[in-house]
Amino acid sequence: MSLPWVAPAIDRSDIPLMAYCELVLRVSDGGLEQLEAALESAGALSVTVLDADAGTDREQPMLEPGVGETPLWSAVELHALFDANVDADRVMRVCSDATGMDLSTTGAWREVPDQAWERVWMEDFKPMQFGARIFIVPGEHELPAAARAPDAAVVLLDPGLAFGTGTHPTTALCLEWLDSLDLRGGSVVDVGCGSGILAIAALKLGAARAVGIDHDPQALLASRDNAIRNDVADRLELIAAGATPHAGGDVVVANILAGTLIEHAAAIVAWGRAGAFFACSGILPDQAEEVAAAFAPWCEALERHERDGWIRLTGCILRAV
């Protein structure tokens with residue numbers, strides 16, 4: 001592994017004690033997992049992996065990885081957060097011993113003031129409308145006038161808990177599609193539920209019940225918390241990915257990445273009945289044909305809709321798995 005970005009030797013003598021200190025390292029040529037593990041064993045409260053070339057003409061778009069996959073850019077920047085009284089020399093020693101690299105004079109420390117991290121970005125999270133009826137509203141924000149209409153489907157969402165808030169084009173595409181359907185009395189299956197935003201919106205639109213499926217236990221917890229916040233927890237069933245399909249849903253929506261859609265097409269379709277409405281998103285334009293082909297045995301002639309460089313495919317499940 002090479003560390004091409006070398007900062008001056010670390011001198012912490014003039015850094016006042018703050019709530020946290022952060023170590024930033026630029027890493028290339030592999031070895032990322034070992035360095036992450038070493039930082040965590042040295043006491044890191046969190047380790048964040050970013051594209052070291054973000055904001056430059058060398059930036060490499062990286063989508064959410066599939067289960068068991070590790071995203072790698074050609075050069076990554078690690079941000080490791082520590083308590084303010086961290087022993088910087090010990091951190092470097094632990095990392096060097098674990099990776100075989102001499103990190104004693106590389107990287108950069110900076111002080112980080114304490115703040116409510118999970119809510120820092122809430123200042124930019126405002127009520128949003130999707131289609132004619134769906135409104136996504138931060139839990140403590142006043143409802144806009146349009147959201148008080150009798151047929152409004154208002155989803156109160158806590159972004160501190162969320163894995164999806166409607167701000168991403170793929171979520172917006174799915175919300176607009178749900179708004180176009182008559183869900184009254186029906187059942188909806190949300191594959192890759194994240195924050196539960198799609199399942200909860202469906203219930204607010206009149207669905208009798210919904211099922212949310214996700215491989216991440218934290219996503220299932222977030223969905224449950226948001227369902228309680230919206231008074232629909234008694235109608236939302238949450239299931240870990242890999243469970244045997246049993247819902248026979250009237251509507252199936254899967255807002256996940258193309259690779260996962262292709263690999264698990266049969267399992268996704270199996271959650272719906274024959275004749276169920278179906279939509280999937282999280283697809284880039286050059287992936288749309290392959291995703292459509294993966295679902296072709298059960299869903300013919302899927303329609304393509306694009307928003308901000310992302311694709312949603314919609315149609316019906318003509319034959320149950």
# chains A, B, ... in the order shown; residues from 1 in each chain; ligands from 1

$ closest_atom_pairs --of "region 178-292 of chain A" --to "region 297-301 of chain A" --cutoff "9 Å" --atoms "only C-alpha atoms" --output "tab-separated table"
residue	atom	partner	partner_atom	distance
A:Ala266	CA	A:Trp298	CA	8.3
A:Val269	CA	A:Trp298	CA	7.4
A:Ala274	CA	A:Trp298	CA	8.8
A:Phe278	CA	A:Cys299	CA	8.2
A:Ala292	CA	A:Ala301	CA	8.2

$ write_last_selection --atoms "C-alpha atoms" --output "compact mmCIF listing (two decimals), in the first residue's frame"
# COMPACT_ATOMS: atom_id res chain seq x y z
CA ALA A 266 -37.08 -14.29 -8.84
CA VAL A 269 -41.19 -11.22 -7.81
CA ALA A 274 -49.99 -12.82 -10.41
CA PHE A 278 -44.48 -3.96 -9.90
CA ALA A 292 -35.61 -5.65 -17.55

$ residues_around --residues "Val291 (chain A)" --least-positions-apart "6" --cutoff "12 Å" --atoms "only C-alpha atoms" --output "short mmCIF file (atom, residue, chain, number, x, y, z; two decimals) with N, CA, C and O atoms, in the first residue's frame"
data_model
loop_
_atom_site.label_atom_id
_atom_site.label_comp_id
_atom_site.auth_asym_id
_atom_site.auth_seq_id
_atom_site.Cartn_x
_atom_site.Cartn_y
_atom_site.Cartn_z
N ALA A 254 -39.30 -2.34 -5.40
CA ALA A 254 -37.94 -2.66 -4.98
C ALA A 254 -37.02 -1.50 -5.38
O ALA A 254 -36.69 -1.36 -6.55
N ILE A 256 -33.67 -0.74 -4.93
CA ILE A 256 -32.33 -1.20 -4.58
C ILE A 256 -31.47 -1.12 -5.83
O ILE A 256 -31.92 -0.64 -6.87
N LEU A 257 -30.23 -1.57 -5.74
CA LEU A 257 -29.32 -1.40 -6.86
C LEU A 257 -29.50 -2.47 -7.93
O LEU A 257 -30.01 -3.56 -7.68
N ALA A 258 -29.05 -2.13 -9.13
CA ALA A 258 -29.28 -2.98 -10.29
C ALA A 258 -28.72 -4.38 -10.09
O ALA A 258 -29.36 -5.38 -10.44
N GLY A 259 -27.51 -4.49 -9.56
CA GLY A 259 -26.90 -5.80 -9.37
C GLY A 259 -27.75 -6.70 -8.48
O GLY A 259 -27.91 -7.90 -8.76
N THR A 260 -28.31 -6.13 -7.42
CA THR A 260 -29.15 -6.91 -6.51
C THR A 260 -30.47 -7.25 -7.17
O THR A 260 -31.01 -8.35 -7.00
N LEU A 261 -31.03 -6.31 -7.94
CA LEU A 261 -32.27 -6.59 -8.67
C LEU A 261 -32.08 -7.76 -9.62
O LEU A 261 -32.93 -8.65 -9.70
N ILE A 262 -30.98 -7.77 -10.35
CA ILE A 262 -30.72 -8.83 -11.32
C ILE A 262 -30.52 -10.16 -10.62
O ILE A 262 -31.09 -11.18 -11.00
N GLU A 263 -29.70 -10.16 -9.56
CA GLU A 263 -29.37 -11.40 -8.87
C GLU A 263 -30.59 -12.02 -8.17
O GLU A 263 -30.73 -13.25 -8.12
N HIS A 264 -31.46 -11.17 -7.65
CA HIS A 264 -32.57 -11.68 -6.82
C HIS A 264 -33.93 -11.43 -7.46
O HIS A 264 -34.94 -11.34 -6.76
N ALA A 265 -33.97 -11.33 -8.79
CA ALA A 265 -35.23 -11.02 -9.49
C ALA A 265 -36.34 -12.00 -9.11
O ALA A 265 -37.47 -11.60 -8.80
N ALA A 266 -36.05 -13.29 -9.14
CA ALA A 266 -37.08 -14.29 -8.84
C ALA A 266 -37.59 -14.15 -7.42
O ALA A 266 -38.80 -14.24 -7.17
N ALA A 279 -42.74 -2.34 -9.52
CA ALA A 279 -41.79 -1.28 -9.89
C ALA A 279 -40.45 -1.56 -9.24
O ALA A 279 -40.38 -2.07 -8.11
N CYS A 280 -39.40 -1.24 -9.96
CA CYS A 280 -38.05 -1.32 -9.38
C CYS A 280 -37.26 -0.10 -9.82
O CYS A 280 -37.46 0.44 -10.91
N SER A 281 -36.38 0.34 -8.94
CA SER A 281 -35.55 1.51 -9.25
C SER A 281 -34.19 1.31 -8.61
O SER A 281 -33.90 0.25 -8.05
N GLY A 282 -33.33 2.35 -8.72
CA GLY A 282 -31.94 2.21 -8.33
C GLY A 282 -31.10 1.78 -9.52
O GLY A 282 -30.05 1.16 -9.36
N ILE A 283 -31.55 2.15 -10.70
CA ILE A 283 -30.98 1.65 -11.95
C ILE A 283 -30.41 2.82 -12.76
O ILE A 283 -31.09 3.84 -12.93
N LEU A 284 -29.20 2.65 -13.25
CA LEU A 284 -28.61 3.63 -14.16
C LEU A 284 -29.06 3.32 -15.59
O LEU A 284 -29.41 2.18 -15.89
N PRO A 285 -29.05 4.33 -16.47
CA PRO A 285 -29.56 4.11 -17.83
C PRO A 285 -28.95 2.92 -18.56
O PRO A 285 -29.67 2.17 -19.24
N PRO A 297 -39.04 -13.03 -17.40
CA PRO A 297 -39.84 -14.26 -17.27
C PRO A 297 -41.16 -14.07 -16.52
O PRO A 297 -42.07 -14.89 -16.66
N CYS A 299 -42.39 -10.47 -15.79
CA CYS A 299 -42.92 -9.12 -16.03
C CYS A 299 -42.52 -8.68 -17.44
O CYS A 299 -41.37 -8.32 -17.68
N GLU A 300 -43.47 -8.72 -18.36
CA GLU A 300 -43.15 -8.36 -19.74
C GLU A 300 -43.36 -6.87 -19.98
O GLU A 300 -44.19 -6.22 -19.35
N ALA A 301 -42.59 -6.34 -20.91
CA ALA A 301 -42.78 -4.95 -21.38
C ALA A 301 -42.81 -3.95 -20.24
O ALA A 301 -43.73 -3.13 -20.12
N LEU A 302 -41.79 -3.98 -19.40
CA LEU A 302 -41.70 -3.01 -18.31
C LEU A 302 -41.46 -1.62 -18.90
O LEU A 302 -40.62 -1.44 -19.78
N GLU A 303 -42.21 -0.65 -18.42
CA GLU A 303 -42.06 0.72 -18.90
C GLU A 303 -40.91 1.42 -18.17
O GLU A 303 -40.70 1.21 -16.98
N ARG A 304 -40.22 2.26 -18.91
CA ARG A 304 -39.04 2.95 -18.39
C ARG A 304 -39.36 4.42 -18.13
O ARG A 304 -39.91 5.11 -18.98
N ILE A 311 -33.27 5.41 -13.34
CA ILE A 311 -34.36 4.76 -14.06
C ILE A 311 -35.28 4.02 -13.09
O ILE A 311 -34.84 3.40 -12.12
N ARG A 312 -36.58 4.09 -13.38
CA ARG A 312 -37.58 3.25 -12.73
C ARG A 312 -38.24 2.41 -13.80
O ARG A 312 -38.61 2.93 -14.86
N LEU A 313 -38.38 1.12 -13.56
CA LEU A 313 -39.10 0.22 -14.46
C LEU A 313 -40.42 -0.17 -13.80
O LEU A 313 -40.43 -0.54 -12.61
N THR A 314 -41.52 -0.11 -14.52
CA THR A 314 -42.83 -0.42 -13.94
C THR A 314 -43.62 -1.31 -14.87
O THR A 314 -43.46 -1.28 -16.10
#

$ residues_around --residues "Phe277 (chain A)" --least-positions-apart "6" --cutoff "12 Å" --atoms "only C-alpha atoms" --output "PDB file with N, CA and C atoms, in the first residue's frame"
ATOM      1  N   TRP A 177     -44.757   6.907  -8.260  1.00  0.00           N
ATOM      2  CA  TRP A 177     -45.465   5.745  -8.796  1.00  0.00           C
ATOM      3  C   TRP A 177     -46.541   5.265  -7.829  1.00  0.00           C
ATOM      4  N   LEU A 178     -46.205   5.156  -6.555  1.00  0.00           N
ATOM      5  CA  LEU A 178     -47.199   4.745  -5.566  1.00  0.00           C
ATOM      6  C   LEU A 178     -48.381   5.711  -5.547  1.00  0.00           C
ATOM      7  N   SER A 180     -49.621   7.240  -7.928  1.00  0.00           N
ATOM      8  CA  SER A 180     -50.459   7.066  -9.127  1.00  0.00           C
ATOM      9  C   SER A 180     -51.399   5.875  -9.025  1.00  0.00           C
ATOM     10  N   LEU A 181     -51.218   5.027  -7.997  1.00  0.00           N
ATOM     11  CA  LEU A 181     -52.011   3.808  -7.865  1.00  0.00           C
ATOM     12  C   LEU A 181     -53.171   4.000  -6.896  1.00  0.00           C
ATOM     13  N   ASP A 182     -54.177   3.171  -7.031  1.00  0.00           N
ATOM     14  CA  ASP A 182     -55.258   3.088  -6.048  1.00  0.00           C
ATOM     15  C   ASP A 182     -54.920   1.934  -5.113  1.00  0.00           C
ATOM     16  N   LEU A 183     -54.403   2.258  -3.949  1.00  0.00           N
ATOM     17  CA  LEU A 183     -53.922   1.243  -3.013  1.00  0.00           C
ATOM     18  C   LEU A 183     -54.954   0.882  -1.941  1.00  0.00           C
ATOM     19  N   GLY A 186     -55.499  -2.679  -0.332  1.00  0.00           N
ATOM     20  CA  GLY A 186     -54.543  -3.631  -0.880  1.00  0.00           C
ATOM     21  C   GLY A 186     -53.356  -3.871   0.025  1.00  0.00           C
ATOM     22  N   SER A 187     -52.442  -4.700  -0.463  1.00  0.00           N
ATOM     23  CA  SER A 187     -51.213  -5.009   0.276  1.00  0.00           C
ATOM     24  C   SER A 187     -50.004  -4.636  -0.580  1.00  0.00           C
ATOM     25  N   VAL A 188     -48.979  -4.106   0.082  1.00  0.00           N
ATOM     26  CA  VAL A 188     -47.792  -3.607  -0.608  1.00  0.00           C
ATOM     27  C   VAL A 188     -46.551  -4.235   0.018  1.00  0.00           C
ATOM     28  N   VAL A 189     -45.619  -4.667  -0.821  1.00  0.00           N
ATOM     29  CA  VAL A 189     -44.343  -5.210  -0.355  1.00  0.00           C
ATOM     30  C   VAL A 189     -43.229  -4.278  -0.803  1.00  0.00           C
ATOM     31  N   GLY A 248     -47.750 -12.427  -1.056  1.00  0.00           N
ATOM     32  CA  GLY A 248     -48.709 -12.395  -2.157  1.00  0.00           C
ATOM     33  C   GLY A 248     -49.246 -11.007  -2.364  1.00  0.00           C
ATOM     34  N   GLY A 249     -48.361 -10.020  -2.361  1.00  0.00           N
ATOM     35  CA  GLY A 249     -48.755  -8.627  -2.378  1.00  0.00           C
ATOM     36  C   GLY A 249     -49.446  -8.202  -3.660  1.00  0.00           C
ATOM     37  N   ASP A 250     -50.304  -7.195  -3.523  1.00  0.00           N
ATOM     38  CA  ASP A 250     -50.954  -6.598  -4.686  1.00  0.00           C
ATOM     39  C   ASP A 250     -50.016  -5.640  -5.408  1.00  0.00           C
ATOM     40  N   VAL A 251     -49.017  -5.139  -4.677  1.00  0.00           N
ATOM     41  CA  VAL A 251     -48.027  -4.211  -5.225  1.00  0.00           C
ATOM     42  C   VAL A 251     -46.669  -4.609  -4.670  1.00  0.00           C
ATOM     43  N   VAL A 252     -45.659  -4.659  -5.522  1.00  0.00           N
ATOM     44  CA  VAL A 252     -44.283  -4.925  -5.090  1.00  0.00           C
ATOM     45  C   VAL A 252     -43.399  -3.812  -5.623  1.00  0.00           C
ATOM     46  N   VAL A 253     -42.627  -3.187  -4.739  1.00  0.00           N
ATOM     47  CA  VAL A 253     -41.700  -2.141  -5.144  1.00  0.00           C
ATOM     48  C   VAL A 253     -40.328  -2.471  -4.573  1.00  0.00           C
ATOM     49  N   ALA A 254     -39.302  -2.340  -5.396  1.00  0.00           N
ATOM     50  CA  ALA A 254     -37.936  -2.658  -4.979  1.00  0.00           C
ATOM     51  C   ALA A 254     -37.022  -1.504  -5.379  1.00  0.00           C
ATOM     52  N   VAL A 269     -39.882 -11.010  -7.181  1.00  0.00           N
ATOM     53  CA  VAL A 269     -41.190 -11.222  -7.807  1.00  0.00           C
ATOM     54  C   VAL A 269     -42.041 -12.178  -6.974  1.00  0.00           C
ATOM     55  N   TRP A 271     -42.664 -12.224  -3.997  1.00  0.00           N
ATOM     56  CA  TRP A 271     -43.439 -11.555  -2.957  1.00  0.00           C
ATOM     57  C   TRP A 271     -44.783 -11.046  -3.484  1.00  0.00           C
ATOM     58  N   TRP A 298     -41.270 -12.986 -15.756  1.00  0.00           N
ATOM     59  CA  TRP A 298     -42.486 -12.767 -14.966  1.00  0.00           C
ATOM     60  C   TRP A 298     -43.160 -11.428 -15.287  1.00  0.00           C
ATOM     61  N   CYS A 299     -42.393 -10.470 -15.792  1.00  0.00           N
ATOM     62  CA  CYS A 299     -42.917  -9.119 -16.032  1.00  0.00           C
ATOM     63  C   CYS A 299     -42.524  -8.684 -17.441  1.00  0.00           C
ATOM     64  N   GLU A 300     -43.467  -8.718 -18.364  1.00  0.00           N
ATOM     65  CA  GLU A 300     -43.153  -8.358 -19.738  1.00  0.00           C
ATOM     66  C   GLU A 300     -43.359  -6.868 -19.980  1.00  0.00           C
ATOM     67  N   LEU A 302     -41.790  -3.985 -19.397  1.00  0.00           N
ATOM     68  CA  LEU A 302     -41.701  -3.008 -18.313  1.00  0.00           C
ATOM     69  C   LEU A 302     -41.463  -1.616 -18.904  1.00  0.00           C
ATOM     70  N   GLU A 303     -42.206  -0.645 -18.415  1.00  0.00           N
ATOM     71  CA  GLU A 303     -42.064   0.723 -18.902  1.00  0.00           C
ATOM     72  C   GLU A 303     -40.914   1.419 -18.170  1.00  0.00           C
ATOM     73  N   LEU A 313     -38.380   1.117 -13.560  1.00  0.00           N
ATOM     74  CA  LEU A 313     -39.103   0.219 -14.460  1.00  0.00           C
ATOM     75  C   LEU A 313     -40.419  -0.168 -13.798  1.00  0.00           C
ATOM     76  N   THR A 314     -41.519  -0.112 -14.515  1.00  0.00           N
ATOM     77  CA  THR A 314     -42.829  -0.423 -13.940  1.00  0.00           C
ATOM     78  C   THR A 314     -43.623  -1.309 -14.874  1.00  0.00           C
ATOM     79  N   GLY A 315     -44.498  -2.114 -14.280  1.00  0.00           N
ATOM     80  CA  GLY A 315     -45.363  -2.994 -15.043  1.00  0.00           C
ATOM     81  C   GLY A 315     -46.171  -3.861 -14.112  1.00  0.00           C
ATOM     82  N   CYS A 316     -46.474  -5.071 -14.552  1.00  0.00           N
ATOM     83  CA  CYS A 316     -47.244  -6.012 -13.745  1.00  0.00           C
ATOM     84  C   CYS A 316     -46.525  -7.358 -13.701  1.00  0.00           C
ATOM     85  N   ILE A 317     -46.740  -8.074 -12.607  1.00  0.00           N
ATOM     86  CA  ILE A 317     -46.261  -9.452 -12.504  1.00  0.00           C
ATOM     87  C   ILE A 317     -47.309 -10.328 -13.174  1.00  0.00           C
ATOM     88  N   LEU A 318     -47.007 -10.815 -14.354  1.00  0.00           N
ATOM     89  CA  LEU A 318     -47.997 -11.562 -15.143  1.00  0.00           C
ATOM     90  C   LEU A 318     -48.069 -13.014 -14.716  1.00  0.00           C
ATOM     91  N   ARG A 319     -46.955 -13.549 -14.238  1.00  0.00           N
ATOM     92  CA  ARG A 319     -46.915 -14.943 -13.802  1.00  0.00           C
ATOM     93  C   ARG A 319     -46.211 -15.012 -12.459  1.00  0.00           C
ATOM     94  N   ALA A 320     -46.838 -15.587 -11.464  1.00  0.00           N
ATOM     95  CA  ALA A 320     -46.230 -15.726 -10.148  1.00  0.00           C
ATOM     96  C   ALA A 320     -45.109 -16.761 -10.195  1.00  0.00           C
TER      97      ALA A 320
END

$ atom_distance --atom1 "CA of Ala247 (chain A)" --atom2 "CA of Val211 (chain A)"
7.5 Å

$ atom_distance --atom1 "CA of Ala42 (chain A)" --atom2 "CA of His215 (chain A)"
28.6 Å

$ atom_distance --atom1 "CA of Ile228 (chain A)" --atom2 "CA of Thr244 (chain A)"
25.4 Å

$ residues_around --residues "Gly212 (chain A)" --least-positions-apart "2" --cutoff "7 Å" --atoms "only C-alpha atoms" --output "PyMOL selection string"
chain A and resi 189-191+193+196+199+210+214+237-239

$ write_last_selection --atoms "N, CA and C atoms" --output "PDB file, in the first residue's frame"
ATOM      1  N   VAL A 189     -45.619  -4.667  -0.821  1.00  0.00           N
ATOM      2  CA  VAL A 189     -44.343  -5.210  -0.355  1.00  0.00           C
ATOM      3  C   VAL A 189     -43.229  -4.278  -0.803  1.00  0.00           C
ATOM      4  N   ASP A 190     -42.424  -3.819   0.152  1.00  0.00           N
ATOM      5  CA  ASP A 190     -41.323  -2.896  -0.104  1.00  0.00           C
ATOM      6  C   ASP A 190     -40.021  -3.654   0.121  1.00  0.00           C
ATOM      7  N   VAL A 191     -39.349  -4.026  -0.968  1.00  0.00           N
ATOM      8  CA  VAL A 191     -38.106  -4.800  -0.893  1.00  0.00           C
ATOM      9  C   VAL A 191     -36.922  -3.835  -0.826  1.00  0.00           C
ATOM     10  N   CYS A 193     -36.392  -1.851   2.251  1.00  0.00           N
ATOM     11  CA  CYS A 193     -37.265  -0.790   2.776  1.00  0.00           C
ATOM     12  C   CYS A 193     -36.510   0.392   3.371  1.00  0.00           C
ATOM     13  N   GLY A 196     -38.276   2.753   5.597  1.00  0.00           N
ATOM     14  CA  GLY A 196     -39.688   2.402   5.570  1.00  0.00           C
ATOM     15  C   GLY A 196     -40.540   3.412   4.836  1.00  0.00           C
ATOM     16  N   ALA A 199     -43.122   1.920   2.190  1.00  0.00           N
ATOM     17  CA  ALA A 199     -44.174   1.130   2.824  1.00  0.00           C
ATOM     18  C   ALA A 199     -45.119   2.021   3.620  1.00  0.00           C
ATOM     19  N   ALA A 210     -48.730  -3.679   4.789  1.00  0.00           N
ATOM     20  CA  ALA A 210     -47.485  -3.581   4.023  1.00  0.00           C
ATOM     21  C   ALA A 210     -46.437  -4.467   4.663  1.00  0.00           C
ATOM     22  N   ASP A 214     -35.517  -5.933   4.450  1.00  0.00           N
ATOM     23  CA  ASP A 214     -34.178  -5.349   4.319  1.00  0.00           C
ATOM     24  C   ASP A 214     -33.156  -6.282   4.953  1.00  0.00           C
ATOM     25  N   GLU A 237     -45.429  -5.141   8.547  1.00  0.00           N
ATOM     26  CA  GLU A 237     -44.640  -6.302   8.941  1.00  0.00           C
ATOM     27  C   GLU A 237     -43.219  -6.112   8.408  1.00  0.00           C
ATOM     28  N   LEU A 238     -42.239  -6.279   9.272  1.00  0.00           N
ATOM     29  CA  LEU A 238     -40.845  -6.095   8.879  1.00  0.00           C
ATOM     30  C   LEU A 238     -40.118  -7.430   8.934  1.00  0.00           C
ATOM     31  N   ILE A 239     -39.394  -7.730   7.857  1.00  0.00           N
ATOM     32  CA  ILE A 239     -38.795  -9.048   7.684  1.00  0.00           C
ATOM     33  C   ILE A 239     -37.355  -8.899   7.199  1.00  0.00           C
TER      34      ILE A 239
END
